[in-house]
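A.B. asks: This is coords_34.cif, which holds mmCIF, C-alpha atoms:
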```cif
data_query
loop_
_atom_site.label_atom_id
_atom_site.label_comp_id
_atom_site.auth_asym_id
_atom_site.auth_seq_id
_atom_site.Cartn_x
_atom_site.Cartn_y
_atom_site.Cartn_z
CA MET A 1 0.00 0.00 0.00
CA LEU A 2 1.21 3.50 -0.75
CA SER A 3 0.29 5.42 2.38
CA ILE A 4 -0.20 9.07 3.07
CA ARG A 5 2.95 8.97 5.11
CA LEU A 6 3.43 10.03 8.70
CA GLN A 7 -0.23 9.69 9.62
CA VAL A 8 0.86 9.49 13.27
CA PRO A 9 3.83 11.45 14.66
CA ILE A 10 6.81 9.25 15.53
CA ALA A 11 6.77 10.30 19.19
CA LEU A 12 3.15 9.18 19.45
CA SER A 13 3.96 5.99 17.55
CA VAL A 14 6.63 5.05 20.08
CA LYS A 15 4.32 5.92 22.98
CA ILE A 16 1.61 3.65 21.57
CA LEU A 17 4.10 0.82 21.07
CA LEU A 18 5.38 1.08 24.65
CA MET A 19 1.89 1.10 26.13
CA SER A 20 0.58 -1.86 24.12
CA LYS A 21 0.00 -5.44 25.19
CA ASP A 22 0.35 -8.47 22.95
CA VAL A 23 -2.80 -9.58 21.19
CA LYS A 24 -3.44 -13.31 20.88
CA ARG A 25 -2.54 -14.60 17.43
CA LEU A 26 -5.37 -16.74 16.10
CA ALA A 27 -3.35 -18.29 13.26
CA SER A 28 -1.66 -20.47 15.89
CA GLN A 29 -5.07 -21.98 16.74
CA PHE A 30 -6.73 -22.32 13.34
CA GLN A 31 -5.16 -22.39 9.88
CA PRO A 32 -7.72 -21.69 7.13
CA LYS A 33 -7.33 -23.33 3.73
CA LYS A 34 -10.34 -21.98 1.85
CA TYR A 35 -13.10 -19.40 2.31
CA MET A 36 -16.34 -19.66 0.35
CA LEU A 37 -17.81 -16.21 0.89
CA ASP A 38 -21.29 -15.19 -0.28
CA LEU A 39 -22.04 -11.47 0.28
CA ASP A 40 -25.17 -9.44 -0.47
CA VAL A 41 -24.40 -5.71 -0.30
CA ASP A 42 -27.37 -3.34 0.01
CA ARG A 43 -26.12 0.16 -0.76
CA ASP A 44 -29.49 1.83 -0.08
CA ALA A 45 -29.76 0.34 3.41
CA MET A 46 -25.98 0.77 4.03
CA ARG A 47 -25.85 -2.85 5.19
CA PHE A 48 -24.62 -6.22 3.99
CA SER A 49 -25.31 -9.82 4.91
CA GLY A 50 -23.51 -13.01 4.10
CA VAL A 51 -22.49 -16.59 4.64
CA VAL A 52 -18.91 -17.78 4.90
CA ILE A 53 -17.76 -21.41 4.85
CA ILE A 54 -14.25 -21.74 6.24
CA SER A 55 -12.33 -24.98 5.65
CA GLY A 56 -9.18 -25.41 7.68
CA GLN A 57 -7.13 -27.10 10.34
CA ARG A 58 -7.59 -26.63 14.06
CA LEU A 59 -4.25 -26.54 15.87
CA GLY A 60 -3.01 -26.68 19.45
CA ARG A 61 -4.44 -28.12 22.63
CA PRO A 62 -8.02 -29.37 22.86
CA SER A 63 -10.55 -26.81 24.05
CA GLN A 64 -14.28 -26.19 23.89
CA ARG A 65 -14.24 -23.31 21.44
CA LEU A 66 -13.20 -22.04 18.04
CA THR A 67 -12.24 -18.38 17.71
CA PHE A 68 -12.31 -16.12 14.64
CA HIS A 69 -11.84 -12.41 14.03
CA GLN A 70 -14.81 -10.09 13.59
CA ASN A 71 -15.30 -6.40 14.17
CA GLY A 72 -18.76 -4.86 14.23
CA LEU A 73 -20.43 -7.94 12.75
CA ARG A 74 -23.44 -9.81 14.10
CA ILE A 75 -22.92 -13.57 13.80
CA THR A 76 -26.40 -15.09 13.75
CA LYS A 77 -25.78 -18.80 13.06
CA ALA A 78 -22.85 -21.20 13.32
CA HIS A 79 -22.49 -24.75 12.06
CA VAL A 80 -19.31 -26.76 12.66
CA VAL A 81 -18.28 -30.15 11.26
CA ARG A 82 -15.13 -32.09 12.17
CA HIS A 83 -13.61 -34.39 9.55
CA ASP A 84 -11.52 -37.46 10.41
CA LYS A 85 -10.92 -41.06 9.27
CA SER A 86 -14.12 -42.27 10.93
CA GLY A 87 -16.23 -39.74 9.01
CA ASP A 88 -17.83 -36.36 9.61
CA GLN A 89 -18.98 -35.31 13.07
CA GLU A 90 -21.34 -32.37 13.60
CA ILE A 91 -20.33 -30.20 16.53
CA GLU A 92 -23.18 -28.54 18.40
CA ILE A 93 -22.45 -24.88 19.08
CA THR A 94 -24.07 -23.94 22.39
CA ARG A 95 -23.04 -20.28 22.52
CA ILE A 96 -21.80 -17.56 20.16
CA ASN A 97 -19.92 -14.84 22.04
CA HIS A 98 -18.86 -11.55 20.43
CA HIS A 99 -15.81 -9.96 22.07
CA ALA A 100 -15.49 -6.40 20.83
CA LYS A 101 -12.32 -5.69 22.85
CA PHE A 102 -10.41 -8.46 21.07
CA ASP A 103 -12.21 -8.26 17.67
CA GLU A 104 -13.29 -11.88 18.15
CA VAL A 105 -16.24 -14.20 17.85
CA ARG A 106 -15.99 -17.34 19.98
CA LEU A 107 -17.96 -20.47 19.15
CA HIS A 108 -18.47 -22.59 22.27
CA SER A 109 -19.24 -26.30 22.33
CA ARG A 110 -19.88 -28.90 25.04
CA LEU A 111 -17.42 -31.21 23.30
CA ARG A 112 -13.68 -30.81 23.53
CA LEU A 113 -12.45 -29.81 20.09
CA VAL A 114 -9.22 -31.58 19.22
CA SER A 115 -6.77 -30.80 16.41
CA GLY A 116 -7.83 -31.78 12.91
CA ALA A 117 -9.79 -30.73 9.85
CA TYR A 118 -12.95 -28.63 10.33
CA THR A 119 -15.54 -26.87 8.22
CA VAL A 120 -17.19 -23.86 9.83
CA ARG A 121 -20.28 -22.19 8.36
CA LEU A 122 -21.22 -18.76 9.72
CA GLU A 123 -24.12 -16.46 8.86
CA PHE A 124 -23.62 -12.78 9.61
CA ASP A 125 -24.55 -9.20 8.81
CA GLY A 126 -22.90 -5.81 9.20
CA LYS A 127 -22.90 -2.13 8.30
CA ILE A 128 -21.39 -0.20 5.42
CA THR A 129 -19.47 2.65 7.05
CA LYS A 130 -17.87 5.86 5.77
CA GLN A 131 -14.45 5.45 7.45
CA MET A 132 -12.97 4.14 4.16
CA ASN A 133 -12.17 0.79 5.80
CA GLY A 134 -14.00 -2.50 5.34
CA VAL A 135 -16.86 -1.89 2.87
CA TYR A 136 -17.48 1.79 2.20
CA PRO A 137 -19.13 4.17 -0.31
CA CYS A 138 -17.30 6.48 -2.75
CA PHE A 139 -19.20 9.58 -3.86
CA PHE A 140 -19.05 11.26 -7.27
CA LYS A 141 -21.17 13.19 -9.76
CA HIS A 142 -22.02 12.10 -13.30
CA ASP A 143 -24.46 13.79 -15.68
CA GLY A 144 -25.38 16.15 -12.86
CA LYS A 145 -26.45 13.32 -10.54
CA GLU A 146 -24.98 12.24 -7.20
CA LYS A 147 -23.78 8.65 -7.46
CA GLN A 148 -21.90 6.08 -5.39
CA LEU A 149 -19.40 3.31 -5.91
CA ILE A 150 -18.98 0.62 -3.28
CA ALA A 151 -15.38 -0.36 -2.56
CA THR A 152 -13.31 -2.22 0.04
CA GLN A 153 -10.12 -1.57 1.98
CA PHE A 154 -8.94 -4.54 4.07
CA GLU A 155 -5.30 -3.70 4.85
CA SER A 156 -4.23 -3.91 7.53
CA HIS A 157 -6.88 -5.66 9.66
CA HIS A 158 -10.24 -4.63 8.21
CA ALA A 159 -11.33 -7.84 6.47
CA ARG A 160 -12.81 -8.79 9.86
CA GLU A 161 -15.24 -5.87 9.47
CA VAL A 162 -16.81 -7.64 6.47
CA PHE A 163 -16.67 -11.37 7.26
CA PRO A 164 -15.48 -13.64 10.10
CA CYS A 165 -11.97 -14.89 9.35
CA ILE A 166 -8.45 -15.39 10.65
CA ASP A 167 -7.35 -11.86 9.80
CA GLU A 168 -3.57 -12.21 10.00
CA PRO A 169 -1.03 -12.09 7.16
CA GLU A 170 0.37 -15.59 7.66
CA ALA A 171 -3.11 -17.18 7.59
CA LYS A 172 -3.18 -17.49 3.81
CA ALA A 173 -6.06 -19.24 2.06
CA ILE A 174 -7.95 -19.48 -1.21
CA PHE A 175 -11.03 -17.26 -1.53
CA GLU A 176 -14.11 -18.04 -3.59
CA LEU A 177 -16.28 -14.92 -3.58
CA THR A 178 -19.92 -14.63 -4.64
CA LEU A 179 -21.22 -11.07 -4.61
CA THR A 180 -24.78 -9.77 -5.06
CA SER A 181 -24.87 -6.21 -6.42
CA PRO A 182 -27.06 -3.96 -8.65
CA ALA A 183 -27.67 -5.64 -12.00
CA SER A 184 -26.80 -2.62 -14.15
CA GLU A 185 -23.38 -1.90 -12.62
CA THR A 186 -19.82 -3.08 -13.20
CA VAL A 187 -18.59 -5.48 -10.52
CA LEU A 188 -14.91 -6.32 -9.97
CA SER A 189 -12.87 -8.50 -7.66
CA ASN A 190 -9.41 -10.08 -7.54
CA THR A 191 -10.14 -12.67 -10.21
CA PRO A 192 -12.32 -12.76 -13.35
CA ALA A 193 -16.02 -13.55 -13.00
CA HIS A 194 -16.72 -17.27 -13.38
CA SER A 195 -20.50 -16.97 -13.70
CA SER A 196 -23.31 -14.52 -13.06
CA GLU A 197 -27.08 -14.67 -12.87
CA LYS A 198 -29.74 -12.01 -12.61
CA VAL A 199 -32.04 -12.32 -9.60
CA SER A 200 -34.85 -9.73 -9.73
CA GLU A 201 -33.01 -6.42 -10.20
CA ARG A 202 -29.81 -7.79 -8.68
CA LEU A 203 -26.77 -9.53 -10.15
CA LYS A 204 -25.19 -12.51 -8.39
CA THR A 205 -21.58 -12.88 -9.55
CA THR A 206 -19.29 -15.76 -8.65
CA PHE A 207 -15.59 -15.12 -9.17
CA GLU A 208 -12.86 -17.61 -9.93
CA PRO A 209 -10.81 -18.84 -6.93
CA THR A 210 -7.99 -16.53 -5.89
CA PRO A 211 -4.37 -17.54 -5.40
CA HIS A 212 -3.28 -18.59 -1.92
CA MET A 213 -3.28 -15.18 -0.20
CA SER A 214 -3.84 -13.16 2.97
CA THR A 215 -7.22 -11.76 3.98
CA TYR A 216 -6.02 -8.15 3.60
CA LEU A 217 -5.65 -8.64 -0.17
CA LEU A 218 -9.26 -9.61 -0.88
CA ALA A 219 -11.19 -6.81 -2.58
CA PHE A 220 -14.26 -5.91 -4.59
CA VAL A 221 -15.66 -2.76 -6.23
CA PHE A 222 -18.98 -2.15 -7.93
CA GLY A 223 -20.71 0.84 -9.49
CA GLU A 224 -20.82 2.91 -12.64
CA LEU A 225 -17.33 2.48 -14.12
CA ALA A 226 -15.74 2.63 -17.55
CA TYR A 227 -12.36 1.19 -18.59
CA LYS A 228 -9.42 1.16 -20.98
CA GLU A 229 -7.73 -2.14 -21.86
CA ALA A 230 -4.37 -3.46 -23.03
CA LYS A 231 -2.38 -6.72 -22.77
CA THR A 232 1.09 -7.67 -21.57
CA LYS A 233 3.49 -9.72 -23.69
CA SER A 234 2.30 -12.87 -21.91
CA GLY A 235 -1.37 -12.09 -22.54
CA VAL A 236 -2.41 -10.72 -19.14
CA VAL A 237 -5.42 -8.44 -19.61
CA VAL A 238 -4.76 -5.06 -17.96
CA ARG A 239 -7.63 -2.65 -17.47
CA THR A 240 -7.77 0.81 -15.93
CA TYR A 241 -11.19 1.69 -14.47
CA ALA A 242 -12.54 5.09 -13.46
CA THR A 243 -15.83 6.95 -13.26
CA PRO A 244 -17.14 7.73 -16.78
CA ASP A 245 -15.91 11.34 -16.83
CA ASN A 246 -12.36 10.32 -15.85
CA VAL A 247 -11.67 7.14 -17.79
CA ASP A 248 -9.87 8.95 -20.64
CA PHE A 249 -7.30 10.15 -18.10
CA THR A 250 -6.19 6.56 -17.32
CA GLU A 251 -4.27 6.02 -20.58
CA PHE A 252 -0.87 6.83 -19.06
CA ALA A 253 -1.45 4.58 -16.02
CA LEU A 254 -2.43 1.78 -18.41
CA GLU A 255 0.75 2.23 -20.43
CA VAL A 256 2.91 2.17 -17.30
CA ALA A 257 1.09 -0.84 -15.84
CA VAL A 258 1.68 -2.98 -18.93
CA LYS A 259 5.36 -2.01 -19.03
CA CYS A 260 5.84 -2.73 -15.32
CA LEU A 261 4.15 -6.14 -15.43
CA ASP A 262 6.42 -7.14 -18.32
CA PHE A 263 9.48 -5.74 -16.51
CA TYR A 264 8.77 -7.46 -13.18
CA SER A 265 7.90 -10.82 -14.75
CA GLU A 266 11.29 -10.82 -16.48
CA TYR A 267 13.26 -9.31 -13.57
CA PHE A 268 11.92 -11.69 -10.91
CA GLY A 269 11.79 -14.69 -13.24
CA ILE A 270 8.24 -15.37 -12.01
CA ASP A 271 5.22 -14.70 -14.19
CA TYR A 272 2.33 -12.62 -12.89
CA PRO A 273 0.02 -15.44 -11.70
CA LEU A 274 -3.43 -14.07 -12.61
CA ALA A 275 -5.24 -13.78 -15.93
CA LYS A 276 -6.08 -10.12 -15.38
CA CYS A 277 -4.94 -7.03 -13.51
CA ASP A 278 -7.41 -4.21 -12.84
CA LEU A 279 -6.40 -0.73 -11.67
CA ILE A 280 -9.32 1.28 -10.29
CA ALA A 281 -9.38 5.03 -9.59
CA LEU A 282 -11.69 5.67 -6.63
CA PRO A 283 -13.19 9.10 -5.82
CA ASP A 284 -12.73 8.43 -2.09
CA PHE A 285 -9.68 6.57 -0.78
CA ALA A 286 -7.78 6.97 2.48
CA SER A 287 -4.28 6.04 1.27
CA GLY A 288 -2.44 6.58 -2.00
CA ALA A 289 -3.18 3.13 -3.40
CA MET A 290 -3.67 -0.49 -2.32
CA GLU A 291 -2.17 -3.61 -3.89
CA ASN A 292 -5.17 -5.97 -3.74
CA TRP A 293 -4.10 -8.89 -5.94
CA GLY A 294 -5.50 -8.29 -9.42
CA CYS A 295 -7.84 -5.53 -8.17
CA ILE A 296 -5.59 -2.58 -7.29
CA THR A 297 -7.32 0.52 -5.95
CA PHE A 298 -6.02 4.13 -6.17
CA ARG A 299 -6.82 7.65 -5.14
CA GLU A 300 -7.81 9.42 -8.33
CA HIS A 301 -4.87 11.83 -8.19
CA ALA A 302 -2.48 8.86 -7.95
CA MET A 303 -3.73 7.36 -11.20
CA LEU A 304 -5.23 10.02 -13.47
CA VAL A 305 -3.14 12.04 -15.94
CA ASP A 306 -4.56 14.80 -18.14
CA PRO A 307 -2.08 15.04 -21.06
CA ASP A 308 -2.93 18.72 -21.60
CA ASN A 309 -2.68 19.92 -18.01
CA THR A 310 -0.87 17.48 -15.70
CA THR A 311 2.61 18.61 -14.63
CA LEU A 312 5.66 16.43 -15.15
CA SER A 313 6.08 15.90 -11.40
CA SER A 314 2.47 14.69 -11.12
CA LYS A 315 2.98 12.38 -14.08
CA GLN A 316 6.10 10.95 -12.45
CA TYR A 317 4.16 10.46 -9.22
CA VAL A 318 1.47 8.45 -11.04
CA ALA A 319 4.13 6.30 -12.72
CA LEU A 320 5.86 5.59 -9.40
CA VAL A 321 2.60 4.75 -7.59
CA VAL A 322 1.54 2.34 -10.36
CA ALA A 323 4.99 0.71 -10.27
CA HIS A 324 4.88 0.55 -6.46
CA GLU A 325 1.58 -1.31 -6.36
CA LEU A 326 2.56 -3.69 -9.13
CA THR A 327 5.77 -4.55 -7.24
CA HIS A 328 3.51 -5.67 -4.40
CA GLN A 329 1.97 -8.31 -6.67
CA TRP A 330 5.25 -10.13 -5.97
CA PHE A 331 6.59 -8.50 -2.77
CA GLY A 332 3.68 -8.70 -0.35
CA ASN A 333 1.14 -10.74 -2.30
CA LEU A 334 3.18 -13.69 -3.55
CA VAL A 335 5.75 -13.50 -0.74
CA THR A 336 4.18 -12.24 2.48
CA MET A 337 5.39 -11.31 5.95
CA ARG A 338 4.14 -13.56 8.75
CA TRP A 339 3.30 -10.55 10.93
CA TRP A 340 3.28 -6.78 10.66
CA ASN A 341 6.70 -6.28 12.30
CA ASP A 342 8.15 -7.07 8.85
CA LEU A 343 5.99 -4.51 7.01
CA TRP A 344 9.17 -2.76 5.85
CA LEU A 345 9.93 -5.76 3.61
CA ASN A 346 6.66 -5.12 1.77
CA GLU A 347 6.94 -1.36 1.61
CA GLY A 348 10.70 -0.91 1.46
CA PHE A 349 11.03 -3.23 -1.54
CA ALA A 350 8.06 -1.65 -3.30
CA SER A 351 9.44 1.85 -2.64
CA TRP A 352 12.81 0.84 -4.13
CA MET A 353 11.55 -1.28 -7.05
CA GLU A 354 9.25 1.50 -8.26
CA TYR A 355 12.34 3.59 -9.08
CA LEU A 356 14.11 0.67 -10.76
CA ALA A 357 11.17 -0.06 -13.07
CA ILE A 358 10.30 3.52 -13.99
CA ASP A 359 13.96 4.46 -14.53
CA HIS A 360 14.20 1.53 -16.97
CA TYR A 361 11.43 2.96 -19.15
CA PHE A 362 11.93 6.70 -18.54
CA PRO A 363 15.72 7.16 -18.15
CA GLU A 364 15.42 10.82 -19.17
CA TRP A 365 13.71 11.52 -15.84
CA GLU A 366 16.91 10.62 -13.90
CA LEU A 367 14.81 9.24 -11.06
CA TRP A 368 17.72 7.95 -8.97
CA THR A 369 18.70 11.58 -8.43
CA GLN A 370 15.20 12.18 -7.09
CA PHE A 371 15.49 9.01 -4.95
CA ALA A 372 18.39 10.60 -3.07
CA MET A 373 16.22 13.58 -2.16
CA ASP A 374 12.75 12.10 -1.82
CA GLU A 375 13.65 8.84 -0.06
CA GLN A 376 17.15 8.95 1.47
CA GLN A 377 16.98 12.51 2.78
CA GLN A 378 13.48 11.96 4.15
CA ALA A 379 14.70 8.83 5.93
CA LEU A 380 17.75 10.58 7.39
CA LYS A 381 15.66 13.53 8.54
CA LEU A 382 13.24 11.36 10.51
CA ASP A 383 15.92 8.97 11.73
CA ALA A 384 17.75 11.91 13.33
CA LEU A 385 14.87 12.45 15.74
CA GLU A 386 15.16 11.17 19.30
CA ASN A 387 11.94 9.18 18.99
CA THR A 388 12.69 7.31 15.76
CA HIS A 389 12.21 3.56 15.40
CA PRO A 390 13.97 0.73 13.55
CA ILE A 391 12.70 -0.41 10.18
CA GLU A 392 11.68 -3.66 11.87
CA VAL A 393 9.23 -2.74 14.61
CA PRO A 394 7.54 -4.96 17.23
CA ILE A 395 3.78 -4.90 16.63
CA HIS A 396 1.85 -6.18 19.61
CA HIS A 397 -1.67 -5.30 18.48
CA PRO A 398 -3.21 -4.53 15.05
CA ASP A 399 -4.25 -1.06 16.25
CA GLU A 400 -0.55 -0.16 16.20
CA ILE A 401 -0.03 -1.07 12.55
CA ARG A 402 -0.98 2.35 11.16
CA THR A 403 1.82 3.94 13.21
CA ILE A 404 4.51 2.26 11.07
CA PHE A 405 3.13 3.28 7.67
CA ASP A 406 5.71 6.06 7.71
CA ALA A 407 8.92 7.20 6.05
CA ILE A 408 11.04 4.88 8.19
CA SER A 409 9.31 1.75 6.86
CA TYR A 410 9.06 3.16 3.33
CA SER A 411 12.00 5.50 2.72
CA LYS A 412 14.57 4.12 5.15
CA GLY A 413 13.59 0.59 4.13
CA ALA A 414 14.08 1.50 0.48
CA SER A 415 17.39 3.24 1.24
CA VAL A 416 18.77 0.18 3.04
CA ILE A 417 17.78 -1.99 0.07
CA HIS A 418 19.39 0.53 -2.30
CA MET A 419 22.61 0.37 -0.28
CA LEU A 420 22.63 -3.44 -0.34
CA HIS A 421 21.92 -3.48 -4.08
CA ASN A 422 24.82 -1.16 -4.79
CA TYR A 423 27.16 -3.12 -2.50
CA LEU A 424 26.20 -6.67 -3.49
CA GLY A 425 25.16 -6.08 -7.11
CA ALA A 426 21.87 -6.80 -8.83
CA LYS A 427 22.35 -10.56 -9.14
#
```
Would you put the structure from the file into structure tokens?
C.D. replies:
Amino acid sequence: MLSIRLQVPIALSVKILLMSKDVKRLASQFQPKKYMLDLDVDRDAMRFSGVVIISGQRLGRPSQRLTFHQNGLRITKAHVVRHDKSGDQEIEITRINHHAKFDEVRLHSRLRLVSGAYTVRLEFDGKITKQMNGVYPCFFKHDGKEKQLIATQFESHHAREVFPCIDEPEAKAIFELTLTSPASETVLSNTPAHSSEKVSERLKTTFEPTPHMSTYLLAFVFGELAYKEAKTKSGVVVRTYATPDNVDFTEFALEVAVKCLDFYSEYFGIDYPLAKCDLIALPDFASGAMENWGCITFREHAMLVDPDNTTLSSKQYVALVVAHELTHQWFGNLVTMRWWNDLWLNEGFASWMEYLAIDHYFPEWELWTQFAMDEQQQALKLDALENTHPIEVPIHHPDEIRTIFDAISYSKGASVIHMLHNYLGAK
């Protein structure tokens, strides 16, 4: 994710870190393998409802409960089945407890639940909020009318606001999403649509299974959108989406995206693993951009270029942001930190690779000169403060994560990688 850096002053960041207590890590108790998620999003009511079927492995000592993350959801029904050599055993759930303090839902049983394979089916509902986390509305005008897109933002720990899950980076799984949305609108997610059917005035779309990935990378967007399209050398379909009045300003982002996907596939020696890559300019977005696998979301100013009016510096910014998020398709999405203390590996590599890719295609910009000022000097400036922090930071609770989306993780991380690259060589 490209953040709006220094959202929290470093002194406050350190204070929060020192005051925090460790949160219990749920991935050590249950390892999901697949989520089958069926969501019905009602924009008019500002609510959603859904069913999730979680297949996975219970770990650790026997106990009388299963615990998942949730935040602000109402879990209405739970059905649990244990699978072993003797067959399937239904587990009666006697109590569903919501723990707001720990962002948890706890499913209690009279039986002792031992390690092994389980399938958990949960029915739930929740609210669409305007905080630009979880599921949220984006507002824009078209043809003189007020309109809305619906979008998601799950990094760092906001997937739990939309469905019960193990909402930690190391708890990777496959996601099969079915989404019910207005029939007349474009609907996008990480993977291409597998099938769709019209139900009354609604469209029920089932998407192809995702790669093995973390919960924070799942995404969907629907609303009135238009797009431009191109293909990479290997045939990956790249589309840039925007509201109808802005779609013509996505041509430059599309050009850069195709070039970067080709560059990274060759540089890393690993092909981009999806059939498509969508870049979506959102009217309302809290950060600069977000690397959802195959469904990358942007602030409009981080993606749109007007060839007649946009300055060179703004054009360079768009190119770097596009390159940054596409780096994450490898660093972050394919290879992922176990926990947020290693966030700098995601963001430092993306902040360095963006310069490498764009300099390859636009050498006349002399971007490494700008790197010295925009990244290294920014890192040195903040690192000179008494209350700085290392690039690897202990994270005891997800509420602390936003404090390290700063120039130490991004710019100092990138500068350390730049130093190592120059010392060790590219190979």
A.B. asks: Measure the distance from CA of Val120 (chain A) to CA of Ile91 (chain A) in Å and round it to one decimal.
C.D. replies: 9.7 Å
A.B. asks: If the PyMOL selection byres ((chain A and resi 415-417) around 12) is run on the structure shown, which residues does it catch, given as a ChimeraX atom specification?
C.D. replies: /A:344-353,355-356,368,371-380,390-392,407-414,418-426
A.B. asks: I need the residue set behind the PyMOL selection byres ((chain A and resi 285) around 10) for this file; please write it as a ChimeraX atom specification.
C.D. replies: /A:131-133,136-138,151-153,281-284,286-290,297-300
A.B. asks: Apply the PyMOL selection byres ((chain A and resi 25-30) around 7) to the structure shown and report the selected residues as a list in words.
C.D. replies: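 This file, filtered by the PyMOL selection byres ((chain A and resi 25-30) around 7), leaves Val23, Lys24, Gln31, Pro32, Gly56, Gln57, Arg58, Leu59, Gly60, Ile166, Glu168 and Ala171 of chain A.
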A.B. asks: Hey, can you check how far CA of Cys295 (chain A) sits from CA of Ser55 (chain A)?
C.D. replies: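 One can read the CA of Cys295 (chain A) to CA of Ser55 (chain A) distance as 24.3 Å.
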A.B. asks: Which residue gives the smallest distance to Ile150 (chain A) among A:Ile280, A:Val41, A:Leu254, A:Val322, with only C-alpha atoms counted?
C.D. replies: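 Nearest to Ile150 (chain A): A:Val41.
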